[in-house]
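S.K.: The following block contains the structure, expressed as structure tokens.
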Amino acid sequence: MTYHVQFPGLGLEFTLDRVAFTVFGMPIYWYGILIATGLALAIVFAFSHARRFGIDSDRMVDVQCAAAIVDWHTGELVAVIGGRAFYVATAPFEYASFAEMLDIRLGGVAIYGAVIAAFLSGYFACRWRKVPILPMFDLAGMGFLLGQGIGRWGNFVNQEAFGTNTTLPWGMYSEGTCNYLSSVQETLAAQGVAVDPSLPVHPTFLYESIWCLLGFFLLWAYMKRRKFHGELILMYVMWYGAERFFVEGLRTDSLMVGSFRISQVIAAVSVIAALCIWLALRKKYKDKPLTVTYTALVKEDGRQVPYEFSWLSGETPPTDAEMKAEIERRRAARAAEETAQAEEKAPETEESGGASGVREQREAEADTQAAPEEEQAAPVQEAAADAAEKDGSDAEPKE
């Protein structure tokens, strides 16, 4: 399906084909390609900055690889499942079949469901691979901003997630916007929102894309000055939630509960909660520099030996070569200490061994002297016994 998209105020026109290419007759949509591109860039960013947050990149690789096998070990696959489940559960219409519920190629992934599912699964993944949770969430928040900033262009290709009518120069119009507004015009009127399908609309996908990319670069610039682990994820929640609260009020496809827009309620609550936590922790860590600790596991004698390295968040972390040299230095120092301890124990062993040898020699000499004395005493004792017998016979009574 193709759309002829116009920006009348800017004099721009585009023809968009939702299908990028086909593989063995199966269409591959731009929507999926853009989401995957955003996800891939977020992962690359996280890997390239993992050590700055005290995270071992190899463990991050393990977590990412596990996503393809056991989805609860990481956030990416679960994010899609959670986002789709959230959308299906709150959609204002019924799906014709279960297969239609699973088909995300036509769109329909709620961002809040994806974010919530990703963070829950990420929490268990971090515990599983012993990755520090709050630093990992800080990286994830920045990755979400990057991924969302790029992924939102999938809504542009699908001509969805747009807003109400506008007279601004960047107002957008296509047969897709016209057909959708015509189908929901009465529903929106019942909610107090009047729309004209023939007029341009707010390109809300563009607002969110610009806001998320701007937030990503701002957090990137602030990254070295963070005061505590978890600060960046709180900033992400505040930054994205504030934008979503206002942009959601412009949209015509909001998921509703009664008269409330679900995304607006979640955004408001999350911004207030994150702001309160951030203010409290900023006060707590006001004059305390943030120390980043990285643990390198080195295999020695068949076991994993941990070596910890620490630095301030604004400093450059040690390179692999520097860490290797430091580990060798610590090994040498440990070996020298063990050798010194062994040498200190050696004289004590020799002294105790010498004393026992002297005692044994003296006991042997005493035994040698005692033997001749016993031999000399034996004849004397025999002579005394003979004399006693003779005296006894002479002293017999006379008849």
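Chain labels A, B, ... are given in the sequence in which chains occur in the structure tokens; within each chain residues are numbered consecutively from 1, and ligands are likewise numbered from 1 in the order shown.
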Would you list the contacts of Met172 in chain A as a ChimeraX atom specification, taking every protein, DNA or RNA residue within 8 Å and counting only C-alpha atoms, but skipping same-chain residues closer than 3 positions in sequence?

M.R.: /A:5-8,200-203

S.K.: Write down as a PyMOL selection string the residues of range 124-323 of chain A whose backbone DSSP state falls under strand (DSSP E or B).

M.R.: chain A and resi 163+165+172-173+201+251+256-257+260-261+291-300+303-312

S.K.: Taking N, CA and C atoms for each residue, export the selection above as a short mmCIF file (atom, residue, chain, number, x, y, z; two decimals), in the first residue's frame.

M.R.:
```
data_model
loop_
_atom_site.label_atom_id
_atom_site.label_comp_id
_atom_site.auth_asym_id
_atom_site.auth_seq_id
_atom_site.Cartn_x
_atom_site.Cartn_y
_atom_site.Cartn_z
N GLY A 163 -2.18 13.71 14.75
CA GLY A 163 -3.04 14.46 15.65
C GLY A 163 -4.26 15.05 14.98
N ASN A 165 -6.59 18.43 13.54
CA ASN A 165 -6.31 19.41 12.48
C ASN A 165 -5.46 20.55 13.00
N MET A 172 0.19 18.00 8.01
CA MET A 172 0.35 16.88 7.08
C MET A 172 -1.01 16.38 6.60
N TYR A 173 -1.06 15.99 5.33
CA TYR A 173 -2.31 15.43 4.79
C TYR A 173 -1.97 14.26 3.86
N VAL A 201 -3.19 17.69 9.41
CA VAL A 201 -3.20 17.30 10.82
C VAL A 201 -1.81 17.48 11.42
N ARG A 251 -3.48 13.72 19.82
CA ARG A 251 -3.69 12.56 18.97
C ARG A 251 -5.15 12.17 18.86
N MET A 256 -8.22 4.55 25.36
CA MET A 256 -9.03 5.21 26.39
C MET A 256 -9.52 4.24 27.45
N VAL A 257 -9.69 4.76 28.66
CA VAL A 257 -10.41 4.08 29.73
C VAL A 257 -11.44 5.08 30.23
N PHE A 260 -10.73 9.00 30.02
CA PHE A 260 -9.32 9.31 30.24
C PHE A 260 -8.44 8.65 29.17
N ARG A 261 -7.46 9.40 28.71
CA ARG A 261 -6.46 8.84 27.80
C ARG A 261 -5.42 8.10 28.64
N THR A 291 31.09 7.36 42.26
CA THR A 291 32.18 6.43 41.96
C THR A 291 31.63 5.24 41.16
N VAL A 292 32.27 4.97 40.05
CA VAL A 292 31.89 3.84 39.20
C VAL A 292 32.83 2.68 39.49
N THR A 293 32.28 1.51 39.73
CA THR A 293 33.09 0.32 40.03
C THR A 293 32.87 -0.73 38.95
N TYR A 294 33.96 -1.21 38.40
CA TYR A 294 33.92 -2.24 37.36
C TYR A 294 34.65 -3.48 37.87
N THR A 295 34.02 -4.62 37.72
CA THR A 295 34.61 -5.89 38.18
C THR A 295 34.99 -6.75 36.99
N ALA A 296 36.29 -7.01 36.88
CA ALA A 296 36.79 -7.90 35.82
C ALA A 296 37.02 -9.28 36.41
N LEU A 297 36.46 -10.29 35.78
CA LEU A 297 36.62 -11.66 36.23
C LEU A 297 37.70 -12.34 35.40
N VAL A 298 38.75 -12.83 36.08
CA VAL A 298 39.88 -13.48 35.41
C VAL A 298 39.96 -14.92 35.89
N LYS A 299 40.10 -15.84 34.96
CA LYS A 299 40.17 -17.26 35.32
C LYS A 299 41.58 -17.61 35.78
N GLU A 300 41.68 -18.09 37.02
CA GLU A 300 42.96 -18.50 37.59
C GLU A 300 42.77 -19.82 38.33
N ARG A 303 39.22 -21.19 38.52
CA ARG A 303 38.15 -20.42 39.17
C ARG A 303 38.21 -18.97 38.73
N GLN A 304 37.07 -18.27 38.85
CA GLN A 304 36.98 -16.87 38.46
C GLN A 304 37.40 -15.98 39.63
N VAL A 305 38.45 -15.20 39.40
CA VAL A 305 38.97 -14.30 40.43
C VAL A 305 38.55 -12.87 40.08
N PRO A 306 37.84 -12.16 40.97
CA PRO A 306 37.40 -10.80 40.66
C PRO A 306 38.51 -9.76 40.93
N TYR A 307 38.63 -8.81 40.02
CA TYR A 307 39.53 -7.67 40.18
C TYR A 307 38.69 -6.41 39.99
N GLU A 308 38.61 -5.58 41.01
CA GLU A 308 37.78 -4.39 40.96
C GLU A 308 38.60 -3.15 40.58
N PHE A 309 37.97 -2.30 39.76
CA PHE A 309 38.57 -1.03 39.35
C PHE A 309 37.53 0.06 39.59
N SER A 310 37.95 1.16 40.15
CA SER A 310 37.04 2.26 40.47
C SER A 310 37.58 3.58 39.94
N TRP A 311 36.64 4.46 39.54
CA TRP A 311 36.99 5.80 39.09
C TRP A 311 35.76 6.69 39.25
N LEU A 312 35.96 7.98 39.21
CA LEU A 312 34.85 8.93 39.28
C LEU A 312 34.13 8.98 37.94
#
```

S.K.: Can you tell me, as a list in words, what residues are no more than 10 Å from range 19-30 of chain A when counting only C-alpha atoms, ignoring any on the same chain fewer than 3 positions away?

M.R.: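 In the requested format, the answer is Met1, Thr2, Leu16, Ile33, Leu34, Ile35, Ala36, Arg105, Leu106, Gly151, Trp153, Gly154, Asn155, Phe156, Val157 and Asn158 of chain A.
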
S.K.: The selected residues should be written to file as an mmCIF file, in the first residue's frame (atoms: C-alpha atoms).

M.R.:
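Wrote it out as result33.cif, contents follow:
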```
data_model
loop_
_atom_site.group_PDB
_atom_site.id
_atom_site.type_symbol
_atom_site.label_atom_id
_atom_site.label_comp_id
_atom_site.auth_asym_id
_atom_site.auth_seq_id
_atom_site.Cartn_x
_atom_site.Cartn_y
_atom_site.Cartn_z
ATOM 1 C CA MET A 1 0.000 0.000 0.000
ATOM 2 C CA THR A 2 1.261 3.468 -0.906
ATOM 3 C CA LEU A 16 5.447 6.342 0.525
ATOM 4 C CA ILE A 33 12.910 -2.032 9.589
ATOM 5 C CA LEU A 34 12.830 1.335 11.347
ATOM 6 C CA ILE A 35 12.035 -0.209 14.740
ATOM 7 C CA ALA A 36 14.848 -2.744 14.274
ATOM 8 C CA ARG A 105 3.037 -5.603 10.584
ATOM 9 C CA LEU A 106 0.029 -3.275 10.333
ATOM 10 C CA GLY A 151 11.266 4.098 15.409
ATOM 11 C CA TRP A 153 9.279 7.296 11.646
ATOM 12 C CA GLY A 154 7.585 3.949 11.162
ATOM 13 C CA ASN A 155 4.364 5.763 12.098
ATOM 14 C CA PHE A 156 5.071 8.247 9.315
ATOM 15 C CA VAL A 157 5.399 5.479 6.735
ATOM 16 C CA ASN A 158 2.198 3.852 8.025
#
```

S.K.: What is the distance, in Å and to one decimal place, between CA of Ala267 in chain A and CA of Val247 in chain A?

M.R.: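 That distance, rounded to one decimal, is 10.7 Å.
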
S.K.: Using only C-alpha atoms, find each residue of range 120-190 of chain A with at least one atom at most 8 Å away from an atom of range 231-239 of chain A; report its shortest atom-to-atom pair and that distance in Å (one decimal), sort the rows by chain and rising residue number, and return the result as a Markdown table.

M.R.:
```
| residue | atom | partner | partner_atom | distance |
| --- | --- | --- | --- | --- |
| A:Phe137 | CA | A:Ile233 | CA | 6.0 |
| A:Asp138 | CA | A:Ile233 | CA | 4.7 |
| A:Leu139 | CA | A:Ile233 | CA | 7.8 |
| A:Ala140 | CA | A:Ile233 | CA | 7.5 |
| A:Gly141 | CA | A:Ile233 | CA | 5.0 |
| A:Met142 | CA | A:Tyr236 | CA | 7.1 |
| A:Leu145 | CA | A:Tyr236 | CA | 7.6 |
```

S.K.: Between A:Thr164, A:Thr339, A:Ser198, A:Thr37, which has the minimum distance to Ser254 in chain A (counting only C-alpha atoms)?

M.R.: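 When distances to Ser254 in chain A are compared using only C-alpha atoms, the smallest one comes from A:Thr164.
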
S.K.: Among the residues of range 122-338 of chain A, find those DSSP assigns to alpha helix (DSSP H) from the backbone and print them as a ChimeraX atom specification.

M.R.: /A:122-129,133-151,153-158,175-190,204-222,231-248,262-284,320-338

S.K.: Atoms to include: C-alpha atoms. Write the selected residues as a CSV table (one decimal), in the first residue's frame.

M.R.:
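Full text of result-v7.csv as output:
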```csv
chain,number,residue,atom,x,y,z
A,122,GLY,CA,15.7,-6.4,32.1
A,123,TYR,CA,15.6,-6.4,35.9
A,124,PHE,CA,15.5,-10.3,35.9
A,125,ALA,CA,18.2,-10.4,33.2
A,126,CYS,CA,20.5,-8.3,35.3
A,127,ARG,CA,20.1,-10.5,38.3
A,128,TRP,CA,20.7,-13.5,36.2
A,129,ARG,CA,24.0,-12.3,34.7
A,133,ILE,CA,20.8,-2.9,37.7
A,134,LEU,CA,20.7,0.9,38.1
A,135,PRO,CA,23.6,1.6,35.8
A,136,MET,CA,22.0,-0.8,33.3
A,137,PHE,CA,18.7,1.1,33.5
A,138,ASP,CA,20.6,4.4,33.0
A,139,LEU,CA,22.0,3.0,29.7
A,140,ALA,CA,18.6,1.6,28.8
A,141,GLY,CA,16.9,4.9,29.3
A,142,MET,CA,19.2,6.6,26.8
A,143,GLY,CA,18.8,3.7,24.4
A,144,PHE,CA,15.1,4.0,24.6
A,145,LEU,CA,15.3,7.7,23.6
A,146,LEU,CA,17.5,6.8,20.6
A,147,GLY,CA,15.3,3.9,19.6
A,148,GLN,CA,12.0,5.8,19.9
A,149,GLY,CA,13.4,8.8,18.0
A,150,ILE,CA,14.1,6.6,15.0
A,151,GLY,CA,11.3,4.1,15.4
A,153,TRP,CA,9.3,7.3,11.6
A,154,GLY,CA,7.6,3.9,11.2
A,155,ASN,CA,4.4,5.8,12.1
A,156,PHE,CA,5.1,8.2,9.3
A,157,VAL,CA,5.4,5.5,6.7
A,158,ASN,CA,2.2,3.9,8.0
A,175,GLU,CA,-5.4,9.7,2.0
A,176,GLY,CA,-4.4,7.7,5.1
A,177,THR,CA,-5.2,10.6,7.4
A,178,CYS,CA,-8.4,11.4,5.5
A,179,ASN,CA,-9.7,7.8,5.6
A,180,TYR,CA,-8.9,7.3,9.3
A,181,LEU,CA,-10.5,10.6,10.4
A,182,SER,CA,-13.6,9.9,8.4
A,183,SER,CA,-13.9,6.5,10.2
A,184,VAL,CA,-13.6,7.9,13.7
A,185,GLN,CA,-15.2,11.4,13.2
A,186,GLU,CA,-18.3,10.5,15.1
A,187,THR,CA,-16.4,8.8,17.9
A,188,LEU,CA,-14.1,11.9,18.3
A,189,ALA,CA,-17.2,14.2,18.2
A,190,ALA,CA,-18.6,12.2,21.2
A,204,THR,CA,2.7,14.0,16.2
A,205,PHE,CA,5.2,11.3,15.2
A,206,LEU,CA,7.6,14.1,14.2
A,207,TYR,CA,7.1,15.9,17.5
A,208,GLU,CA,8.0,12.8,19.5
A,209,SER,CA,10.9,11.9,17.3
A,210,ILE,CA,12.5,15.3,17.6
A,211,TRP,CA,11.8,15.4,21.4
A,212,CYS,CA,13.3,11.9,22.0
A,213,LEU,CA,16.5,12.6,19.9
A,214,LEU,CA,17.0,15.9,21.6
A,215,GLY,CA,16.6,14.2,25.0
A,216,PHE,CA,19.1,11.5,24.0
A,217,PHE,CA,21.8,14.1,23.1
A,218,LEU,CA,21.1,16.1,26.3
A,219,LEU,CA,21.5,13.0,28.5
A,220,TRP,CA,24.6,12.1,26.6
A,221,ALA,CA,26.1,15.5,27.4
A,222,TYR,CA,25.0,15.2,31.0
A,231,GLU,CA,19.6,9.3,37.8
A,232,LEU,CA,19.5,9.0,34.0
A,233,ILE,CA,16.6,6.6,34.0
A,234,LEU,CA,14.7,9.1,36.2
A,235,MET,CA,15.5,11.9,33.8
A,236,TYR,CA,14.3,9.7,30.9
A,237,VAL,CA,11.0,9.1,32.6
A,238,MET,CA,10.5,12.8,33.3
A,239,TRP,CA,11.6,13.9,29.8
A,240,TYR,CA,9.6,11.4,27.8
A,241,GLY,CA,6.6,11.5,30.2
A,242,ALA,CA,6.3,15.4,29.9
A,243,GLU,CA,6.3,15.2,26.1
A,244,ARG,CA,3.9,12.3,25.9
A,245,PHE,CA,1.4,14.0,28.2
A,246,PHE,CA,1.1,17.0,25.9
A,247,VAL,CA,1.4,15.2,22.5
A,248,GLU,CA,-1.1,12.6,23.6
A,262,ILE,CA,-4.4,6.0,29.2
A,263,SER,CA,-1.0,7.3,28.0
A,264,GLN,CA,-1.7,10.8,29.5
A,265,VAL,CA,-2.6,9.3,32.9
A,266,ILE,CA,0.5,7.1,32.9
A,267,ALA,CA,2.7,10.0,31.8
A,268,ALA,CA,1.4,12.3,34.5
A,269,VAL,CA,1.9,9.8,37.3
A,270,SER,CA,5.3,8.7,36.1
A,271,VAL,CA,6.6,12.3,35.8
A,272,ILE,CA,5.4,13.3,39.2
A,273,ALA,CA,6.9,10.1,40.8
A,274,ALA,CA,10.2,10.4,39.0
A,275,LEU,CA,10.5,14.1,39.9
A,276,CYS,CA,10.0,13.4,43.6
A,277,ILE,CA,12.5,10.6,43.7
A,278,TRP,CA,15.0,12.6,41.7
A,279,LEU,CA,14.8,15.6,44.0
A,280,ALA,CA,15.2,13.5,47.1
A,281,LEU,CA,18.2,11.7,45.7
A,282,ARG,CA,19.8,14.8,44.4
A,283,LYS,CA,19.7,16.2,47.9
A,284,LYS,CA,21.1,13.1,49.4
A,320,ASP,CA,41.8,-3.1,28.4
A,321,ALA,CA,45.6,-2.8,28.2
A,322,GLU,CA,45.7,-0.7,31.4
A,323,MET,CA,43.5,-3.1,33.2
A,324,LYS,CA,45.6,-6.1,32.1
A,325,ALA,CA,48.8,-4.4,33.3
A,326,GLU,CA,47.2,-3.6,36.6
A,327,ILE,CA,46.0,-7.1,37.0
A,328,GLU,CA,49.5,-8.4,36.4
A,329,ARG,CA,50.9,-5.9,38.9
A,330,ARG,CA,48.4,-7.1,41.5
A,331,ARG,CA,49.2,-10.8,40.8
A,332,ALA,CA,52.9,-10.1,41.2
A,333,ALA,CA,52.3,-8.2,44.5
A,334,ARG,CA,50.1,-11.0,45.8
A,335,ALA,CA,52.8,-13.6,44.9
A,336,ALA,CA,55.5,-11.5,46.6
A,337,GLU,CA,53.4,-11.2,49.7
A,338,GLU,CA,52.7,-15.0,49.8
```

S.K.: From the set A:Ile81, A:Val115, A:Leu12, A:Leu250, which residue has the shortest atom-to-atom contact distance to Thr166 in chain A, counting only C-alpha atoms?

M.R.: A:Leu250

S.K.: Figure out the distance between CA of Thr167 in chain A and CA of Tyr31 in chain A, please, to one decimal in Å.

M.R.: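 Atom-to-atom, CA of Tyr31 in chain A and CA of Thr167 in chain A are spaced 27.6 Å apart.
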
S.K.: Could you tell me how far CA of Phe228 in chain A lies from CA of Val44 in chain A, in Å and to one decimal?

M.R.: 23.5 Å
